[in-house]
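Chemist: Submitted below is the structure of interest, expressed as structure tokens.
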Number of protein chains: 2
Amino acid sequence: MKSRVGIADVAREAGVSIGTVSNVYNRPGIVAVDTRIRVLSAIERLGYVRSENARVLRGQPSRLIAFPVHDLTDPFCTTLVQGVEEAAREAGLAVLVSRSARNAEEEARYLDLLKEHEVRGVLITPADKSRSFTAALQGSGIPFVLMGNDVRQGPPSGCSVTIDDVAGGRLALQHLLDAGHRDVGFISGPLRLPLVGQRRAGALEALAQAGHPTTVWELVCPAMTVAAGREAGRRLLSGPDRPTALFCASDLLALGVLQELGEAGLRVPDDLALVGCDDVEYASSAGVPLTSLRRPGRIMGARAVRLLEAETTRLRGEHDHCQVVLTPELVVRASSRRETPAPRQYRSAVAP
Amino acid sequence: MKSRVGIADVAREAGVSIGTVSNVYNRPGIVAVDTRIRVLSAIERLGYVRSENARVLRGQPSRLIAFPVHDLTDPFCTTLVQGVEEAAREAGLAVLVSRSARNAEEEARYLDLLKEHEVRGVLITPADKSRSFTAALQGSGIPFVLMGNDVRQGPPSGCSVTIDDVAGGRLALQHLLDAGHRDVGFISGPLRLPLVGQRRAGALEALAQAGHPTTVWELVCPAMTVAAGREAGRRLLSGPDRPTALFCASDLLALGVLQELGEAGLRVPDDLALVGCDDVEYASSAGVPLTSLRRPGRIMGARAVRLLEAETTRLRGEHDHCQVVLTPELVVRASSRRETPAPRQYRSAVAP
DNA sequence: TTGTAGGCGTTATCAC
DNA sequence: GTGATAACGCCTACAA
């Protein structure tokens, strides 16, 4: 049992030289048809596959890309991974996935891994303090594409794919305004989270642009959880007055609010319309299906791969770095759908 | 700008020969201390990293493992990926993740990828008809570890890590019986799903073993969704009678039932105790936090990596294939917790 | 159109 | 303890 069938075996089997076999792969045009057929059939017969290691060693571009993510079980991250994997597969690339480095030591180790395996490039999600990592990559000359960097900051150094969450917030609020709501609230999370800040900014923009008088409520939650949402719901109900519609910075918050409203006997969307964010799996099958802002993670992942490919396949330098900006999409469901939009009864005399 | 700093550069910088540099890595023992220090510092200074490609080409074991999964966004799959990644990182391995092949052609292409990259081994989740893939792997001599094959079938050919879902079902039902429930129901999903069948089998076992008279209800849902759960809940409530506790084949089903009960004004767990499966993210923050059977996915992933490592590091053959069986864990939450367990009042006079 | 040969960066063997 | 050298499998000039 031979250790591995190599190019030489194929050459012998086909009765040609090593170089010709190589040509069949790399310059099919220049080899005679019958020779090629002979070689191909020998390859088939022997079950020959090329050695990626030898190819890369010889200077061929690597077909490995690396994708470190913050949390491999986070729904948004996994959507990214899915998009990346699909696009990579189509491009004949393989994806090295991992948790992103948590500290300087891990970072250094990871950087070594990338260099050792001579990856084609890296996809980075700079949500946390990966500033140093980006710098290190730049220093080592490994190509990379940024995903999800804050739109409000200027264009980064290199290609990037971003989601415009400001537009998302605008979209969500516009939807509520269009439905006739005038008293709207924003249930936000920790404001230091860029995502929250952006959505909030967009919402405020839409409000400002609307022109007509509106009352704005705002509740800042300490965390983006269902429990925090419930607490917010309770606070909302305890007051003498409340908005007719709520835009929540995440689905979990919205779900918490929804639960609290349900227990208080209020109806969604009639008493209070609800819009969440992230279109979490469960949002569509909540007690009242939740309208939600969906971030195009899969597309973002796929685009990032294609950018990386472009960046690494054309001669470097000839390729202009580009910034792709994707827009969230509002998935409208029952929680904000109202046949006849109308303010709450006890505040106005307008019948539904 | 040099293309890449190689072992020769280090040798020159340290004033030693190539072989000595190699020895510093591969047999640190035989090189003199001061020489080693000199080499190490040269490595540091030059930022040298070894070429994995060259090493593998030379016959060193590859440090790539492949992990194809059915759905990269499925919560259980991602938990597996997480476990795999962690264990792999600890073992100095890198993980090639992908969606598992959907047809023969994809399968063949994937197999080629594995051979081309000369992966150390593959982790396979044989949930669907990957029979052919396993066979192909066996044929090509690529080591693999099976994860999650059906316990009820005999031990497979090779190492495997499995979750004993029969034990899971038993556990869940035992919990309900221990709480004093005598009328219990099983909301199952499509019986062709092995998971459902196993959980059901375990539940029935526990029931049989209990000895005391119990009434058993069973409702088979066409899908494992919230909608199906709601439908089941409706059916349950429409009858003249109903159980005091329900074991659902999935959290989504349980959540559906929970919603329906809530709308009907029934209280969980007082009127009906609920146990779900899979401990989905949202289970803990449902209206009533859901008791759920948790499958140890992370551990399974990690164990699988370690088995693969063992299988590929010891001389093959000397290593006995082993079957690891993991047991689910019941996470008890409010939906099945009752301070004073007691049968429903209107059906019996038995005090707790 | 096909064959030959050098080299990619390592590791391991064998002299020294 | 250290240094030279032959593979590993492939790609690509260049020669035929």
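Scheme for the structure tokens: letters A, B, ... for chains in order shown; per-chain residue numbers from 1; ligand numbers from 1 in order shown.
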As JSON, numbers by chain, which residues of stretch 28-167 of chain A does DSSP assign to strand (DSSP E or B)?

Modeler: {"A": [64, 65, 66, 67, 68, 69, 94, 95, 96, 97, 98, 99, 121, 122, 123, 124, 144, 145, 146, 147, 159, 160, 161, 162, 163]}

Chemist: Print the selection's residues with C-alpha atoms to a file, as an mmCIF file, in the first residue's frame.

Modeler:
```
data_model
loop_
_atom_site.group_PDB
_atom_site.id
_atom_site.type_symbol
_atom_site.label_atom_id
_atom_site.label_comp_id
_atom_site.auth_asym_id
_atom_site.auth_seq_id
_atom_site.Cartn_x
_atom_site.Cartn_y
_atom_site.Cartn_z
ATOM 1 C CA LEU A 64 -7.490 29.009 3.507
ATOM 2 C CA ILE A 65 -9.248 31.972 5.000
ATOM 3 C CA ALA A 66 -9.583 32.622 8.682
ATOM 4 C CA PHE A 67 -12.664 33.883 10.442
ATOM 5 C CA PRO A 68 -12.382 34.555 14.151
ATOM 6 C CA VAL A 69 -15.689 35.467 15.781
ATOM 7 C CA ALA A 94 -11.899 26.664 3.087
ATOM 8 C CA VAL A 95 -12.774 28.480 6.281
ATOM 9 C CA LEU A 96 -10.758 28.297 9.460
ATOM 10 C CA VAL A 97 -13.178 29.318 12.148
ATOM 11 C CA SER A 98 -12.353 30.130 15.722
ATOM 12 C CA ARG A 99 -13.229 32.204 18.691
ATOM 13 C CA GLY A 121 -6.611 36.372 4.399
ATOM 14 C CA VAL A 122 -8.622 37.105 7.483
ATOM 15 C CA LEU A 123 -12.126 38.348 8.062
ATOM 16 C CA ILE A 124 -12.301 40.455 11.166
ATOM 17 C CA PHE A 144 -7.994 41.315 5.723
ATOM 18 C CA VAL A 145 -11.520 42.605 5.393
ATOM 19 C CA LEU A 146 -13.304 44.386 8.176
ATOM 20 C CA MET A 147 -16.875 43.465 8.889
ATOM 21 C CA CYS A 159 -11.943 46.821 2.496
ATOM 22 C CA SER A 160 -14.940 46.618 4.723
ATOM 23 C CA VAL A 161 -18.532 45.512 4.842
ATOM 24 C CA THR A 162 -20.762 47.329 7.196
ATOM 25 C CA ILE A 163 -24.363 47.389 8.223
#
```

Chemist: Might you pull out every residue within 8 Å of B:Gly297, with only C-alpha atoms (C1' of nucleotides) counted and same-chain residues fewer than 6 positions away left off, and present them as a PyMOL selection string?

Modeler: chain B and resi 76-77+79-80+83

Chemist: Output C-alpha atoms for every residue in that selection, as a compact mmCIF listing (two decimals), in the first residue's frame.

Modeler:
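out-v5.txt, freshly written:
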```txt
# COMPACT_ATOMS: atom_id res chain seq x y z
CA PHE B 76 -27.15 22.70 18.86
CA CYS B 77 -24.71 22.54 15.98
CA THR B 79 -22.72 24.47 20.53
CA LEU B 80 -20.87 21.55 19.04
CA GLY B 83 -16.82 22.72 22.01
```

Chemist: Chain C residues within 9 Å of chain A, counting only C-alpha atoms (C1' of nucleotides): which ones, as a list in words?

Modeler: DT1, DT2, DG3, DT4, DG7, DC8 and DG9 of chain C

Chemist: Would you mind exporting N, CA and C atoms (P, O5', C5', C4', C3', O3' and C1' of nucleotides) of the selected residues as a compact mmCIF listing (two decimals), in the first residue's frame?

Modeler:
```txt
# COMPACT_ATOMS: atom_id res chain seq x y z
P DT C 1 -0.46 22.62 -29.43
O5' DT C 1 0.26 21.48 -28.60
C5' DT C 1 0.20 20.16 -29.10
C4' DT C 1 1.38 19.48 -28.53
C3' DT C 1 1.26 19.11 -27.04
O3' DT C 1 1.24 17.71 -26.96
C1' DT C 1 3.40 20.00 -27.54
P DT C 2 1.10 16.88 -25.72
O5' DT C 2 2.59 16.79 -25.19
C5' DT C 2 3.48 15.86 -25.79
C4' DT C 2 4.84 16.05 -25.19
C3' DT C 2 4.98 15.65 -23.72
O3' DT C 2 5.80 14.50 -23.68
C1' DT C 2 6.15 17.64 -24.20
P DG C 3 6.04 13.78 -22.29
O5' DG C 3 7.50 14.35 -21.92
C5' DG C 3 8.60 14.00 -22.75
C4' DG C 3 9.86 14.68 -22.24
C3' DG C 3 10.26 14.29 -20.81
O3' DG C 3 11.66 14.00 -20.81
C1' DG C 3 10.12 16.64 -21.02
P DT C 4 12.33 13.47 -19.51
O5' DT C 4 13.17 14.72 -18.99
C5' DT C 4 13.70 15.65 -19.93
C4' DT C 4 14.59 16.63 -19.20
C3' DT C 4 15.07 16.20 -17.81
O3' DT C 4 16.37 16.73 -17.62
C1' DT C 4 13.76 18.16 -17.60
P DG C 7 18.25 26.13 -7.81
O5' DG C 7 16.94 26.46 -6.97
C5' DG C 7 15.89 27.23 -7.57
C4' DG C 7 14.66 27.10 -6.72
C3' DG C 7 14.95 27.05 -5.20
O3' DG C 7 14.02 27.89 -4.55
C1' DG C 7 13.63 25.22 -5.82
P DC C 8 14.38 28.57 -3.20
O5' DC C 8 12.97 28.60 -2.46
C5' DC C 8 11.82 29.18 -3.04
C4' DC C 8 10.61 28.49 -2.48
C3' DC C 8 10.75 28.13 -1.00
O3' DC C 8 10.18 29.17 -0.21
C1' DC C 8 9.79 26.32 -2.30
P DG C 9 11.03 29.81 0.96
O5' DG C 9 10.84 28.74 2.14
C5' DG C 9 9.55 28.53 2.65
C4' DG C 9 9.59 27.39 3.63
C3' DG C 9 10.62 27.55 4.74
O3' DG C 9 10.00 27.17 5.94
C1' DG C 9 10.95 25.51 3.63
```

Chemist: Tell me the residues of chain B close to chain A, meaning within 9 Å using only C-alpha atoms, as a ChimeraX atom specification.

Modeler: /B:49-57,64,71-79,81-82,85-86,89,94-99,112-113,115-118,225-227,252,255-256,259-260,282,285-287

Chemist: Counting only C-alpha atoms (C1' of nucleotides), collect the residues of chain D whose closest atom lies at most 9 Å from chain B, and write them out as number ranges by chain.

Modeler: D: 1-4, 7-9

Chemist: What does the distance from atom CA of A:Leu171 to atom CA of A:Leu307 come to in Å, to one decimal?

Modeler: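 Here the two named atoms are 27.1 Å from each other.
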
Chemist: As a PyMOL selection string, please: every residue in stretch 4-156 of chain A that DSSP puts in helix (DSSP H, G or I).

Modeler: chain A and resi 7-14+18-26+28-30+33-46+52-57+75-90+104-116+131-140

Chemist: My list of candidates is A:Gly15, A:Ala264, A:Ile37, A:Ala8. Which is closest to D:DC10 when distances are computed with only C-alpha atoms (C1' of nucleotides)?

Modeler: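 Checking each of A:Gly15, A:Ala264, A:Ile37, A:Ala8 against D:DC10, counting only C-alpha atoms (C1' of nucleotides), the winner is A:Ala8.
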
Chemist: Find the residues near B:Gly168: any atom within 7 Å, counting only C-alpha atoms (C1' of nucleotides), skip ones fewer than 5 places away on the same chain, and give them as a ChimeraX atom specification.

Modeler: /B:199,202,293,327-328

Chemist: Put those residues in a file: C-alpha atoms, as a short mmCIF file (atom, residue, chain, number, x, y, z; two decimals), in the first residue's frame.

Modeler:
```
data_model
loop_
_atom_site.label_atom_id
_atom_site.label_comp_id
_atom_site.auth_asym_id
_atom_site.auth_seq_id
_atom_site.Cartn_x
_atom_site.Cartn_y
_atom_site.Cartn_z
CA ARG B 199 -36.83 10.41 24.14
CA GLY B 202 -36.97 6.68 27.65
CA LEU B 293 -33.44 18.66 28.95
CA THR B 327 -26.02 11.87 29.41
CA PRO B 328 -28.34 14.84 29.12
#
```

Chemist: Here is a test: counting only C-alpha atoms, which residue of A:Glu205, A:Glu231, A:Asp164, A:Asp251 is nearest to A:Val325?

Modeler: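 Selected residue with least distance to A:Val325: A:Asp164.
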
Chemist: Please indicate the distance in Å from atom CA of A:Arg306 to atom CA of B:Ala101, rounded to one decimal place.

Modeler: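 Distance between the two atoms: 21.7 Å.
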
Chemist: Using only C-alpha atoms (C1' of nucleotides), determine which residues lie at most 8 Å from A:Val24, disregarding the query and same-chain residues fewer than 5 positions distant; provide the list as an MDAnalysis selection string.

Modeler: chainID A and resid 31 36 39:40

Chemist: Filtering to N, CA and C atoms, could you give me those residues as a compact mmCIF listing (two decimals), in the first residue's frame?

Modeler:
```txt
# COMPACT_ATOMS: atom_id res chain seq x y z
N VAL A 31 -2.17 21.67 -23.63
CA VAL A 31 -1.89 20.25 -23.79
C VAL A 31 -2.87 19.60 -24.78
N ARG A 36 -4.50 14.96 -22.80
CA ARG A 36 -5.24 15.40 -21.62
C ARG A 36 -6.21 14.33 -21.17
N VAL A 39 -4.38 11.61 -19.43
CA VAL A 39 -3.96 12.04 -18.09
C VAL A 39 -5.15 12.05 -17.13
N LEU A 40 -6.22 12.68 -17.60
CA LEU A 40 -7.42 12.77 -16.77
C LEU A 40 -7.89 11.39 -16.33
```

Chemist: Could you jot down the atom CA of B:Ala167 to atom CA of B:Cys221 separation for me, Å, one decimal place?

Modeler: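 Computing the Euclidean distance for atom CA of B:Ala167 and atom CA of B:Cys221 yields 21.9 Å.
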